[in-house]
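Student: Here's a structure for you.
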Amino acid sequence: MVPSANENPRVAVLGLGYVGCVTAACLAGTGHMVCGADRDEHKVSSVLRGVAPFYEPGLEELVRDNAAAGLLTATTSTTDAIRDADVALICVGTPSERNGNLGLDQLRRVTEDIAAASRGRTRPLVVAVRSTVFPGTCEQVVMPVFAGIDSIRVVANPEFLREGVAVRDFKEAALVVVGGDDPDARERVASLYRSVPTKPCLVALRTAEMIKYACNAFHAVKISFANEIGALAELLGVVPEEVMETLCTDDKLNTSGAYLKPGFAFGGSCLPKDLRALRYRAARLDLKLPMLESVLSANEEHLHRATQAVLDLGSSRIGIVGLAFKENTDDLRESPVVTMLEHLIGKGRDLRVFDPHIQMEKIYGSNRDYILNAIPHIGRLLTGNFDELAAWADHLVVTQRPSADLAAKIHGSKKPVLDVARGLN
Ligand SMILES: NC(=O)c1ccc[n+]([C@@H]2O[C@H](COP(=O)([O-])OP(=O)(O)OC[C@H]3O[C@@H](n4cnc5c(N)ncnc54)[C@H](O)[C@@H]3O)[C@@H](O)[C@H]2O)c1
């Protein structure tokens, strides 16, 4: 029988390691019937005795109480674990291989075990991959194993807990993500976390897989950033903690969603200049800061990708929308668009440029001098009228986030658009 909407789904947790055992015990703690499975007999017998198989604050009590209440049980048999389950959470290990790739042996094995136990199954089963897997793994590795088993749906439900505070991280999860194409399957897995005061993010399957990597990469980058700034501060006689704590008091631009939207390369009069100065001064101090040193080359590489995408349009007439390094300014210093245009000119592309804030008849002073004297080859491509640009161009390339008015005009032009700023949506 499939449980009704207000009934808790029955859960199988496959793999009773750090993630699986915490997940199993916490779900049992919120009233779910949970059966954990592991090939490691020690972990299984430990849970059956009501003892946590490893140390994690708060886990011992949860395993003890829920095993005693009959909500949490365990087995070495995947078949037994999934027999009465509505949801199977895959929590097996995905360790690094020697070459850095993700090892999927445990995932393949457990998936095959589920498939073998599900031939002829009629009771619906949602298989949720909680292990960390690279985007595409569910589609390429997991789903093919279930081909022909109509009762099984697959979603990705990555885990974000931190060892040492894992039980608390489950109960007060910062992020709950369920990804998949089947809305009912996604909802069913999201409903497991009803007791968690965090609204689940229901996303595409590959998005859910990717978010886990994005989060971990972001954490690692933040740690290295703080450590490099701290190391430089210390050598300069500045207190590292005071610098980073002050940085974190700005939750508008620093610890916020600002600057976290994929878009065009950065430029302007400050970021490149200040990164160069940091790099130079650190080198003078014999201090290696590999992450901060690599930021400018990461930016150049991003610009190169955008330039290549424009070159890939072919040799048609290309209308560039945006010349300054970002929207709402006429400052051309270190605009990455200028670098891109120079490359495109060098490759013989036919270009015209429109920027709502750079009109030759209106600008004056250093900006006008800069165009006339430093970049006359780009100045002569400028047109003051978007409609003229659109009428002339075969392709539009958008390099800044346009205003709502300009975005409407770009859409209205019906010209093919390459939005390297990702600012049109
Ligand atoms: N540990 C963490 O802090 C953490 C946090 C978030 C995500 N993750 C991810 O979660 C996954 C699990 O991590 P973990 O630390 O819990 O790993 P783990 O090695 O502690 O546990 C994996 C468990 O799976 C069992 N297992 C392997 N194959 C099995 C099979 N065929 N059938 C039944 N059981 C099987 C193993 O015996 C082991 O007990 C990994 O993908 C990891 O990257 C880990």
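The chains in the structure tokens are called A, B, ... from first to last as shown; in each chain the residues are counted from 1, and the ligands are counted from 1 in the order shown.
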Which residues come within 9 Å of Cys21 (chain A), counting only C-alpha atoms, excluding same-chain residues fewer than 4 positions away, as an mmCIF file with N, CA and C atoms, in the first residue's frame?

Tutor:
```cif
data_model
loop_
_atom_site.group_PDB
_atom_site.id
_atom_site.type_symbol
_atom_site.label_atom_id
_atom_site.label_comp_id
_atom_site.auth_asym_id
_atom_site.auth_seq_id
_atom_site.Cartn_x
_atom_site.Cartn_y
_atom_site.Cartn_z
ATOM 1 N N VAL A 13 17.328 3.127 4.353
ATOM 2 C CA VAL A 13 18.557 3.912 4.225
ATOM 3 C C VAL A 13 19.674 2.931 3.900
ATOM 4 N N GLY A 15 23.356 2.093 3.415
ATOM 5 C CA GLY A 15 24.648 2.614 3.843
ATOM 6 C C GLY A 15 24.456 3.285 5.187
ATOM 7 N N LEU A 16 25.070 2.727 6.240
ATOM 8 C CA LEU A 16 24.884 3.277 7.592
ATOM 9 C C LEU A 16 26.172 3.918 8.110
ATOM 10 N N GLY A 17 26.841 4.646 7.218
ATOM 11 C CA GLY A 17 28.034 5.392 7.638
ATOM 12 C C GLY A 17 27.613 6.702 8.272
ATOM 13 N N ALA A 25 18.641 7.681 11.814
ATOM 14 C CA ALA A 25 18.230 7.929 13.201
ATOM 15 C C ALA A 25 17.368 9.198 13.286
ATOM 16 N N CYS A 26 17.735 10.238 12.539
ATOM 17 C CA CYS A 26 16.963 11.492 12.604
ATOM 18 C C CYS A 26 15.585 11.306 11.975
ATOM 19 N N GLY A 36 17.598 0.562 8.098
ATOM 20 C CA GLY A 36 18.921 0.842 7.546
ATOM 21 C C GLY A 36 19.568 -0.451 7.075
ATOM 22 N N LYS A 43 28.134 -2.558 11.909
ATOM 23 C CA LYS A 43 27.252 -1.379 11.983
ATOM 24 C C LYS A 43 25.804 -1.825 12.177
ATOM 25 N N VAL A 47 23.387 -0.992 15.469
ATOM 26 C CA VAL A 47 22.094 -0.282 15.422
ATOM 27 C C VAL A 47 20.998 -1.160 16.020
ATOM 28 N N ALA A 52 24.988 3.555 18.720
ATOM 29 C CA ALA A 52 25.502 4.230 17.514
ATOM 30 C C ALA A 52 26.799 3.558 17.078
ATOM 31 N N PRO A 53 26.993 3.298 15.777
ATOM 32 C CA PRO A 53 28.203 2.592 15.336
ATOM 33 C C PRO A 53 29.457 3.465 15.332
ATOM 34 N N LEU A 59 23.849 11.284 18.514
ATOM 35 C CA LEU A 59 23.416 10.112 17.735
ATOM 36 C C LEU A 59 23.082 8.929 18.639
ATOM 37 N N VAL A 63 19.662 6.741 18.301
ATOM 38 C CA VAL A 63 19.665 5.333 17.901
ATOM 39 C C VAL A 63 19.025 4.494 19.020
ATOM 40 N N CYS A 91 23.041 6.121 0.635
ATOM 41 C CA CYS A 91 24.025 6.898 1.418
ATOM 42 C C CYS A 91 25.386 6.194 1.417
#
```

Student: Any chance you could list, as number ranges by chain, the residues in region 49-206 of chain A that come up helix (DSSP H, G or I) when DSSP is run on the backbone?

Tutor: A: 59-68, 78-83, 105-118, 137-146, 166-171, 183-193, 205-206

Student: Emit the selected residues as a PDB file, in the first residue's frame, including C-alpha atoms.

Tutor:
```
ATOM      1  CA  LEU A  59      23.416  10.112  17.735  1.00  0.00           C
ATOM      2  CA  GLU A  60      23.719   7.616  20.587  1.00  0.00           C
ATOM      3  CA  GLU A  61      20.428   8.743  22.184  1.00  0.00           C
ATOM      4  CA  LEU A  62      18.592   8.866  18.853  1.00  0.00           C
ATOM      5  CA  VAL A  63      19.665   5.333  17.901  1.00  0.00           C
ATOM      6  CA  ARG A  64      18.895   3.998  21.379  1.00  0.00           C
ATOM      7  CA  ASP A  65      15.435   5.584  21.684  1.00  0.00           C
ATOM      8  CA  ASN A  66      14.254   4.856  18.156  1.00  0.00           C
ATOM      9  CA  ALA A  67      15.563   1.291  18.077  1.00  0.00           C
ATOM     10  CA  ALA A  68      13.729   0.712  21.376  1.00  0.00           C
ATOM     11  CA  THR A  78      19.184  -4.505   0.715  1.00  0.00           C
ATOM     12  CA  THR A  79      16.265  -6.698  -0.388  1.00  0.00           C
ATOM     13  CA  ASP A  80      14.855  -6.796   3.136  1.00  0.00           C
ATOM     14  CA  ALA A  81      15.421  -3.086   3.653  1.00  0.00           C
ATOM     15  CA  ILE A  82      13.498  -1.962   0.572  1.00  0.00           C
ATOM     16  CA  ARG A  83      10.697  -4.566   0.674  1.00  0.00           C
ATOM     17  CA  ASP A 105      31.715   1.104  -7.142  1.00  0.00           C
ATOM     18  CA  GLN A 106      29.578   1.249  -3.979  1.00  0.00           C
ATOM     19  CA  LEU A 107      26.878   3.207  -5.808  1.00  0.00           C
ATOM     20  CA  ARG A 108      26.797   0.726  -8.723  1.00  0.00           C
ATOM     21  CA  ARG A 109      26.652  -2.210  -6.355  1.00  0.00           C
ATOM     22  CA  VAL A 110      23.823  -0.872  -4.220  1.00  0.00           C
ATOM     23  CA  THR A 111      21.866   0.233  -7.299  1.00  0.00           C
ATOM     24  CA  GLU A 112      22.160  -3.246  -8.774  1.00  0.00           C
ATOM     25  CA  ASP A 113      21.044  -4.727  -5.446  1.00  0.00           C
ATOM     26  CA  ILE A 114      17.943  -2.495  -5.458  1.00  0.00           C
ATOM     27  CA  ALA A 115      17.171  -3.402  -9.084  1.00  0.00           C
ATOM     28  CA  ALA A 116      17.582  -7.126  -8.429  1.00  0.00           C
ATOM     29  CA  ALA A 117      15.223  -6.887  -5.465  1.00  0.00           C
ATOM     30  CA  SER A 118      12.658  -4.863  -7.428  1.00  0.00           C
ATOM     31  CA  THR A 137      25.508  10.348 -12.445  1.00  0.00           C
ATOM     32  CA  CYS A 138      21.836   9.685 -11.683  1.00  0.00           C
ATOM     33  CA  GLU A 139      20.988   9.726 -15.388  1.00  0.00           C
ATOM     34  CA  GLN A 140      24.047   7.856 -16.606  1.00  0.00           C
ATOM     35  CA  VAL A 141      24.803   5.385 -13.803  1.00  0.00           C
ATOM     36  CA  VAL A 142      21.702   4.943 -11.637  1.00  0.00           C
ATOM     37  CA  MET A 143      18.672   5.211 -13.948  1.00  0.00           C
ATOM     38  CA  PRO A 144      19.905   2.761 -16.623  1.00  0.00           C
ATOM     39  CA  VAL A 145      20.097   0.041 -13.954  1.00  0.00           C
ATOM     40  CA  PHE A 146      16.369   0.544 -13.281  1.00  0.00           C
ATOM     41  CA  ALA A 166      25.564  16.251  12.058  1.00  0.00           C
ATOM     42  CA  VAL A 167      22.439  15.696  14.175  1.00  0.00           C
ATOM     43  CA  ARG A 168      21.988  19.432  14.671  1.00  0.00           C
ATOM     44  CA  ASP A 169      22.632  20.016  10.957  1.00  0.00           C
ATOM     45  CA  PHE A 170      19.840  17.552  10.151  1.00  0.00           C
ATOM     46  CA  LYS A 171      17.357  19.164  12.531  1.00  0.00           C
ATOM     47  CA  PRO A 183       7.188  16.192  -9.259  1.00  0.00           C
ATOM     48  CA  ASP A 184       5.497  13.480  -7.153  1.00  0.00           C
ATOM     49  CA  ALA A 185       8.799  11.729  -6.456  1.00  0.00           C
ATOM     50  CA  ARG A 186      10.422  15.040  -5.524  1.00  0.00           C
ATOM     51  CA  GLU A 187       7.552  15.937  -3.199  1.00  0.00           C
ATOM     52  CA  ARG A 188       7.649  12.518  -1.554  1.00  0.00           C
ATOM     53  CA  VAL A 189      11.318  12.898  -0.659  1.00  0.00           C
ATOM     54  CA  ALA A 190      10.877  16.559   0.358  1.00  0.00           C
ATOM     55  CA  SER A 191       8.096  15.457   2.727  1.00  0.00           C
ATOM     56  CA  LEU A 192      10.658  13.452   4.739  1.00  0.00           C
ATOM     57  CA  TYR A 193      12.046  16.792   5.930  1.00  0.00           C
ATOM     58  CA  LEU A 205      18.116  16.515 -11.227  1.00  0.00           C
ATOM     59  CA  ARG A 206      21.552  17.708 -12.351  1.00  0.00           C
TER      60      ARG A 206
END
```

Student: Dump the neighbourhood of ligand 1 as a PDB file with N, CA and C atoms, in the first residue's frame: all residues within 6 Å, distances computed on only C-alpha atoms and all ligand atoms.

Tutor:
```pdb
ATOM      1  N   LEU A  14      20.257   3.090   2.723  1.00  0.00           N
ATOM      2  CA  LEU A  14      21.245   2.114   2.261  1.00  0.00           C
ATOM      3  C   LEU A  14      22.648   2.675   2.465  1.00  0.00           C
ATOM      4  N   GLY A  15      23.356   2.093   3.415  1.00  0.00           N
ATOM      5  CA  GLY A  15      24.648   2.614   3.843  1.00  0.00           C
ATOM      6  C   GLY A  15      24.456   3.285   5.187  1.00  0.00           C
ATOM      7  N   LEU A  16      25.070   2.727   6.240  1.00  0.00           N
ATOM      8  CA  LEU A  16      24.884   3.277   7.592  1.00  0.00           C
ATOM      9  C   LEU A  16      26.172   3.918   8.110  1.00  0.00           C
ATOM     10  N   GLY A  17      26.841   4.646   7.218  1.00  0.00           N
ATOM     11  CA  GLY A  17      28.034   5.392   7.638  1.00  0.00           C
ATOM     12  C   GLY A  17      27.613   6.702   8.272  1.00  0.00           C
ATOM     13  N   TYR A  18      28.501   7.690   8.227  1.00  0.00           N
ATOM     14  CA  TYR A  18      28.227   8.977   8.887  1.00  0.00           C
ATOM     15  C   TYR A  18      26.932   9.588   8.379  1.00  0.00           C
ATOM     16  N   VAL A  19      26.753   9.603   7.069  1.00  0.00           N
ATOM     17  CA  VAL A  19      25.554  10.224   6.510  1.00  0.00           C
ATOM     18  C   VAL A  19      24.338   9.331   6.743  1.00  0.00           C
ATOM     19  N   GLY A  20      24.465   8.048   6.396  1.00  0.00           N
ATOM     20  CA  GLY A  20      23.315   7.155   6.449  1.00  0.00           C
ATOM     21  C   GLY A  20      22.790   6.956   7.854  1.00  0.00           C
ATOM     22  N   ALA A  37      20.336  -0.349   5.993  1.00  0.00           N
ATOM     23  CA  ALA A  37      21.055  -1.541   5.514  1.00  0.00           C
ATOM     24  C   ALA A  37      22.517  -1.192   5.317  1.00  0.00           C
ATOM     25  N   ASP A  38      23.375  -2.115   5.705  1.00  0.00           N
ATOM     26  CA  ASP A  38      24.806  -1.926   5.440  1.00  0.00           C
ATOM     27  C   ASP A  38      25.423  -3.307   5.254  1.00  0.00           C
ATOM     28  N   ARG A  39      26.451  -3.341   4.404  1.00  0.00           N
ATOM     29  CA  ARG A  39      27.126  -4.637   4.216  1.00  0.00           C
ATOM     30  C   ARG A  39      28.052  -4.935   5.396  1.00  0.00           C
ATOM     31  N   ASP A  40      28.279  -3.920   6.228  1.00  0.00           N
ATOM     32  CA  ASP A  40      29.142  -4.068   7.398  1.00  0.00           C
ATOM     33  C   ASP A  40      28.298  -4.570   8.578  1.00  0.00           C
ATOM     34  N   CYS A  91      23.041   6.121   0.635  1.00  0.00           N
ATOM     35  CA  CYS A  91      24.025   6.898   1.418  1.00  0.00           C
ATOM     36  C   CYS A  91      25.386   6.194   1.417  1.00  0.00           C
ATOM     37  N   VAL A  92      25.700   5.454   0.377  1.00  0.00           N
ATOM     38  CA  VAL A  92      26.977   4.724   0.352  1.00  0.00           C
ATOM     39  C   VAL A  92      28.114   5.695   0.053  1.00  0.00           C
ATOM     40  N   GLY A  93      29.327   5.241   0.272  1.00  0.00           N
ATOM     41  CA  GLY A  93      30.489   6.099   0.062  1.00  0.00           C
ATOM     42  C   GLY A  93      30.781   6.304  -1.420  1.00  0.00           C
ATOM     43  N   THR A  94      31.343   7.474  -1.731  1.00  0.00           N
ATOM     44  CA  THR A  94      31.799   7.746  -3.103  1.00  0.00           C
ATOM     45  C   THR A  94      33.215   8.315  -2.988  1.00  0.00           C
ATOM     46  N   GLN A 106      30.612   1.510  -4.998  1.00  0.00           N
ATOM     47  CA  GLN A 106      29.578   1.249  -3.979  1.00  0.00           C
ATOM     48  C   GLN A 106      28.201   1.643  -4.511  1.00  0.00           C
ATOM     49  N   ARG A 109      27.008  -0.965  -7.039  1.00  0.00           N
ATOM     50  CA  ARG A 109      26.652  -2.210  -6.355  1.00  0.00           C
ATOM     51  C   ARG A 109      25.277  -2.093  -5.685  1.00  0.00           C
ATOM     52  N   VAL A 110      25.072  -1.000  -4.965  1.00  0.00           N
ATOM     53  CA  VAL A 110      23.823  -0.872  -4.220  1.00  0.00           C
ATOM     54  C   VAL A 110      22.655  -0.672  -5.188  1.00  0.00           C
ATOM     55  N   SER A 131      24.198  10.275  -1.505  1.00  0.00           N
ATOM     56  CA  SER A 131      25.662  10.323  -1.637  1.00  0.00           C
ATOM     57  C   SER A 131      26.026  11.470  -2.582  1.00  0.00           C
ATOM     58  N   THR A 132      27.233  11.970  -2.427  1.00  0.00           N
ATOM     59  CA  THR A 132      27.705  13.030  -3.324  1.00  0.00           C
ATOM     60  C   THR A 132      28.098  12.410  -4.663  1.00  0.00           C
ATOM     61  N   GLU A 159      23.317  15.505   0.654  1.00  0.00           N
ATOM     62  CA  GLU A 159      23.441  15.721   2.102  1.00  0.00           C
ATOM     63  C   GLU A 159      24.436  16.859   2.351  1.00  0.00           C
ATOM     64  N   PHE A 160      24.114  17.729   3.311  1.00  0.00           N
ATOM     65  CA  PHE A 160      25.018  18.854   3.595  1.00  0.00           C
ATOM     66  C   PHE A 160      25.542  18.839   5.032  1.00  0.00           C
ATOM     67  N   LEU A 161      25.304  17.722   5.766  1.00  0.00           N
ATOM     68  CA  LEU A 161      25.685  17.746   7.181  1.00  0.00           C
ATOM     69  C   LEU A 161      27.196  17.808   7.374  1.00  0.00           C
ATOM     70  N   ARG A 162      27.575  18.314   8.536  1.00  0.00           N
ATOM     71  CA  ARG A 162      28.992  18.362   8.908  1.00  0.00           C
ATOM     72  C   ARG A 162      29.204  17.414  10.066  1.00  0.00           C
ATOM     73  N   GLU A 163      30.246  16.554   9.937  1.00  0.00           N
ATOM     74  CA  GLU A 163      30.539  15.642  11.036  1.00  0.00           C
ATOM     75  C   GLU A 163      30.835  16.468  12.292  1.00  0.00           C
TER      76      GLU A 163
END
```

Student: Report the residues of region 367-404 of chain A whose backbone DSSP state falls under strand (DSSP E or B), written as a VMD selection string.

Tutor: chain A and resid 382 395 to 398

Student: Given the selection you just returned, output its residues as a file containing N, CA and C atoms, formatted as a compact mmCIF listing (two decimals), in the first residue's frame.

Tutor:
```
# COMPACT_ATOMS: atom_id res chain seq x y z
N LEU A 382 31.40 52.96 -32.33
CA LEU A 382 30.25 53.34 -31.49
C LEU A 382 29.09 53.89 -32.31
N HIS A 395 23.76 39.44 -35.44
CA HIS A 395 23.77 38.89 -34.08
C HIS A 395 23.96 40.03 -33.09
N LEU A 396 23.31 39.93 -31.94
CA LEU A 396 23.59 40.87 -30.85
C LEU A 396 24.37 40.13 -29.76
N VAL A 397 25.37 40.81 -29.21
CA VAL A 397 26.11 40.23 -28.08
C VAL A 397 25.95 41.18 -26.89
N VAL A 398 25.36 40.68 -25.81
CA VAL A 398 25.07 41.52 -24.65
C VAL A 398 26.15 41.31 -23.60
```

Student: What is the CA of Ala174 (chain A) to CA of Thr198 (chain A) distance in Å?

Tutor: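 Result for CA of Ala174 (chain A) versus CA of Thr198 (chain A): 6.9 Å, one decimal.
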
Student: Find the residue from A:Val155, A:Cys201, A:Val338, A:Val221 that sits nearest to Gly268 (chain A); use only C-alpha atoms when measuring.

Tutor: A:Val338

Student: What does the distance between CA of Gly322 (chain A) and CA of Ile358 (chain A) come to in Å, to one decimal place?

Tutor: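 Separating CA of Gly322 (chain A) from CA of Ile358 (chain A) is a distance of 8.7 Å.
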
Student: Where does region 150-236 of chain A meet region 290-308 of chain A within 10 Å, residue by residue, with the nearest atom pair and distance in Å to one decimal for each, counting only C-alpha atoms, listed by chain and rising number, as CSV?

Tutor:
```
residue,atom,partner,partner_atom,distance
A:Val221,CA,A:Met291,CA,8.2
A:Ser224,CA,A:Met291,CA,7.2
A:Phe225,CA,A:Met291,CA,7.2
A:Glu228,CA,A:Leu292,CA,7.5
A:Ile229,CA,A:Leu292,CA,8.7
```

Student: For the selection you just gave me, I'd like the residues written to a file as an mmCIF file, in the first residue's frame, keeping N, CA and C atoms.

Tutor:
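Contents of selection36.cif, as written:
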```
data_model
loop_
_atom_site.group_PDB
_atom_site.id
_atom_site.type_symbol
_atom_site.label_atom_id
_atom_site.label_comp_id
_atom_site.auth_asym_id
_atom_site.auth_seq_id
_atom_site.Cartn_x
_atom_site.Cartn_y
_atom_site.Cartn_z
ATOM 1 N N VAL A 221 36.856 27.542 -0.956
ATOM 2 C CA VAL A 221 37.382 28.821 -1.443
ATOM 3 C C VAL A 221 37.349 29.863 -0.314
ATOM 4 N N SER A 224 40.210 29.139 2.155
ATOM 5 C CA SER A 224 41.521 29.526 1.609
ATOM 6 C C SER A 224 41.637 31.038 1.499
ATOM 7 N N PHE A 225 40.537 31.696 1.145
ATOM 8 C CA PHE A 225 40.542 33.160 1.060
ATOM 9 C C PHE A 225 40.887 33.764 2.424
ATOM 10 N N GLU A 228 44.527 33.107 3.274
ATOM 11 C CA GLU A 228 45.514 33.907 2.517
ATOM 12 C C GLU A 228 45.492 35.366 2.973
ATOM 13 N N ILE A 229 44.287 35.908 3.158
ATOM 14 C CA ILE A 229 44.201 37.293 3.655
ATOM 15 C C ILE A 229 44.838 37.363 5.039
#
```

Student: Near Asn8 (chain A), within 12 Å and counting only C-alpha atoms, which residues show up once chain neighbours fewer than 4 positions away are dropped, as a PDB file with N, CA and C atoms, in the first residue's frame?

Tutor:
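Result file result-v5.pdb:
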```pdb
ATOM      1  N   VAL A   2       0.511   2.206  -0.858  1.00  0.00           N
ATOM      2  CA  VAL A   2       1.213   3.485  -0.854  1.00  0.00           C
ATOM      3  C   VAL A   2       0.633   4.326   0.283  1.00  0.00           C
ATOM      4  N   PRO A   3       1.473   4.987   1.099  1.00  0.00           N
ATOM      5  CA  PRO A   3       0.920   5.772   2.207  1.00  0.00           C
ATOM      6  C   PRO A   3       0.132   6.974   1.682  1.00  0.00           C
ATOM      7  N   SER A   4      -0.915   7.364   2.402  1.00  0.00           N
ATOM      8  CA  SER A   4      -1.663   8.549   1.995  1.00  0.00           C
ATOM      9  C   SER A   4      -0.829   9.787   2.298  1.00  0.00           C
ATOM     10  N   LEU A  27      15.499  10.553  10.879  1.00  0.00           N
ATOM     11  CA  LEU A  27      14.177  10.333  10.267  1.00  0.00           C
ATOM     12  C   LEU A  27      13.302   9.480  11.194  1.00  0.00           C
ATOM     13  N   ALA A  28      13.920   8.497  11.843  1.00  0.00           N
ATOM     14  CA  ALA A  28      13.146   7.714  12.819  1.00  0.00           C
ATOM     15  C   ALA A  28      12.688   8.636  13.953  1.00  0.00           C
ATOM     16  N   THR A  30      11.797  11.563  13.741  1.00  0.00           N
ATOM     17  CA  THR A  30      10.655  12.406  13.347  1.00  0.00           C
ATOM     18  C   THR A  30       9.470  11.532  12.921  1.00  0.00           C
ATOM     19  N   GLY A  31       9.459  10.299  13.425  1.00  0.00           N
ATOM     20  CA  GLY A  31       8.257   9.476  13.289  1.00  0.00           C
ATOM     21  C   GLY A  31       8.207   8.580  12.067  1.00  0.00           C
ATOM     22  N   HIS A  32       9.316   8.451  11.335  1.00  0.00           N
ATOM     23  CA  HIS A  32       9.316   7.561  10.173  1.00  0.00           C
ATOM     24  C   HIS A  32       9.735   6.149  10.589  1.00  0.00           C
ATOM     25  N   MET A  33       9.149   5.169   9.911  1.00  0.00           N
ATOM     26  CA  MET A  33       9.633   3.796  10.066  1.00  0.00           C
ATOM     27  C   MET A  33      10.851   3.668   9.163  1.00  0.00           C
ATOM     28  N   VAL A  34      11.998   3.379   9.757  1.00  0.00           N
ATOM     29  CA  VAL A  34      13.236   3.372   8.976  1.00  0.00           C
ATOM     30  C   VAL A  34      13.937   2.026   9.119  1.00  0.00           C
ATOM     31  N   LEU A  71      11.062   2.077  15.733  1.00  0.00           N
ATOM     32  CA  LEU A  71      11.042   2.908  14.516  1.00  0.00           C
ATOM     33  C   LEU A  71      12.303   2.718  13.679  1.00  0.00           C
ATOM     34  N   ALA A  85       9.541  -0.434   1.722  1.00  0.00           N
ATOM     35  CA  ALA A  85       9.886   1.000   1.706  1.00  0.00           C
ATOM     36  C   ALA A  85       9.160   1.747   0.592  1.00  0.00           C
ATOM     37  N   ASP A  86       8.882   3.023   0.858  1.00  0.00           N
ATOM     38  CA  ASP A  86       8.373   3.927  -0.180  1.00  0.00           C
ATOM     39  C   ASP A  86       9.505   4.773  -0.745  1.00  0.00           C
ATOM     40  N   VAL A  87      10.506   5.005   0.101  1.00  0.00           N
ATOM     41  CA  VAL A  87      11.662   5.799  -0.325  1.00  0.00           C
ATOM     42  C   VAL A  87      12.924   5.043   0.094  1.00  0.00           C
ATOM     43  N   ARG A 188       7.612  13.616  -2.527  1.00  0.00           N
ATOM     44  CA  ARG A 188       7.649  12.518  -1.554  1.00  0.00           C
ATOM     45  C   ARG A 188       8.934  12.586  -0.731  1.00  0.00           C
ATOM     46  N   VAL A 189      10.046  12.822  -1.397  1.00  0.00           N
ATOM     47  CA  VAL A 189      11.318  12.898  -0.659  1.00  0.00           C
ATOM     48  C   VAL A 189      11.368  14.187   0.164  1.00  0.00           C
ATOM     49  N   ALA A 190      10.878  15.284  -0.397  1.00  0.00           N
ATOM     50  CA  ALA A 190      10.877  16.559   0.358  1.00  0.00           C
ATOM     51  C   ALA A 190      10.052  16.416   1.630  1.00  0.00           C
ATOM     52  N   SER A 191       8.988  15.594   1.558  1.00  0.00           N
ATOM     53  CA  SER A 191       8.096  15.457   2.727  1.00  0.00           C
ATOM     54  C   SER A 191       8.805  14.778   3.900  1.00  0.00           C
ATOM     55  N   LEU A 192       9.905  14.072   3.631  1.00  0.00           N
ATOM     56  CA  LEU A 192      10.658  13.452   4.739  1.00  0.00           C
ATOM     57  C   LEU A 192      11.196  14.520   5.688  1.00  0.00           C
ATOM     58  N   TYR A 193      11.403  15.728   5.146  1.00  0.00           N
ATOM     59  CA  TYR A 193      12.046  16.792   5.930  1.00  0.00           C
ATOM     60  C   TYR A 193      11.028  17.817   6.429  1.00  0.00           C
ATOM     61  N   ARG A 194       9.774  17.369   6.543  1.00  0.00           N
ATOM     62  CA  ARG A 194       8.703  18.272   7.000  1.00  0.00           C
ATOM     63  C   ARG A 194       9.016  18.924   8.339  1.00  0.00           C
ATOM     64  N   SER A 195       9.731  18.180   9.200  1.00  0.00           N
ATOM     65  CA  SER A 195       9.997  18.710  10.550  1.00  0.00           C
ATOM     66  C   SER A 195      11.136  19.737  10.533  1.00  0.00           C
TER      67      SER A 195
END
```

Student: Counting only C-alpha atoms, what is within 12 Å of Asn385 (chain A), bar same-chain residues fewer than 6 positions away, as a list in words?

Tutor: Gly319, Ile320, Val321, Arg352, Val353, Phe354, Asp355, Pro356, His357, Ile358, Gln359, Met360, Glu361, Ala391, Trp392, Leu406 and Lys409 of chain A

Student: Would you mind exporting N, CA and C atoms of the selected residues as a short mmCIF file (atom, residue, chain, number, x, y, z; two decimals), in the first residue's frame?

Tutor:
```cif
data_model
loop_
_atom_site.label_atom_id
_atom_site.label_comp_id
_atom_site.auth_asym_id
_atom_site.auth_seq_id
_atom_site.Cartn_x
_atom_site.Cartn_y
_atom_site.Cartn_z
N GLY A 319 26.56 43.08 -33.40
CA GLY A 319 26.24 44.29 -32.64
C GLY A 319 26.48 44.05 -31.17
N ILE A 320 27.44 44.82 -30.60
CA ILE A 320 27.79 44.63 -29.18
C ILE A 320 26.95 45.61 -28.35
N VAL A 321 26.29 45.09 -27.32
CA VAL A 321 25.48 45.95 -26.45
C VAL A 321 26.19 46.05 -25.10
N ARG A 352 29.81 46.64 -34.52
CA ARG A 352 29.38 47.96 -34.08
C ARG A 352 29.00 47.84 -32.61
N VAL A 353 29.08 48.98 -31.91
CA VAL A 353 28.93 48.93 -30.45
C VAL A 353 27.93 49.98 -29.99
N PHE A 354 27.03 49.57 -29.10
CA PHE A 354 26.12 50.52 -28.47
C PHE A 354 26.24 50.38 -26.96
N ASP A 355 26.36 51.51 -26.28
CA ASP A 355 26.31 51.50 -24.81
C ASP A 355 25.42 52.66 -24.40
N PRO A 356 24.38 52.37 -23.60
CA PRO A 356 23.42 53.44 -23.29
C PRO A 356 24.06 54.64 -22.59
N HIS A 357 25.23 54.45 -21.96
CA HIS A 357 25.84 55.57 -21.22
C HIS A 357 27.11 56.09 -21.88
N ILE A 358 27.40 55.58 -23.05
CA ILE A 358 28.59 56.10 -23.75
C ILE A 358 28.17 56.58 -25.14
N GLN A 359 27.82 57.83 -25.18
CA GLN A 359 27.39 58.46 -26.43
C GLN A 359 28.41 59.57 -26.69
N MET A 360 29.08 59.51 -27.83
CA MET A 360 30.18 60.45 -28.08
C MET A 360 29.75 61.90 -27.91
N GLU A 361 28.50 62.22 -28.29
CA GLU A 361 28.09 63.63 -28.21
C GLU A 361 27.84 64.07 -26.76
N ALA A 391 19.18 47.02 -36.35
CA ALA A 391 18.80 46.89 -37.77
C ALA A 391 19.99 46.40 -38.60
N TRP A 392 21.18 46.86 -38.22
CA TRP A 392 22.40 46.51 -38.99
C TRP A 392 22.88 45.08 -38.68
N LEU A 406 15.90 48.50 -22.18
CA LEU A 406 16.83 48.00 -23.20
C LEU A 406 16.62 46.50 -23.43
N LYS A 409 13.85 46.07 -25.73
CA LYS A 409 14.25 46.39 -27.12
C LYS A 409 15.07 45.24 -27.73
#
```
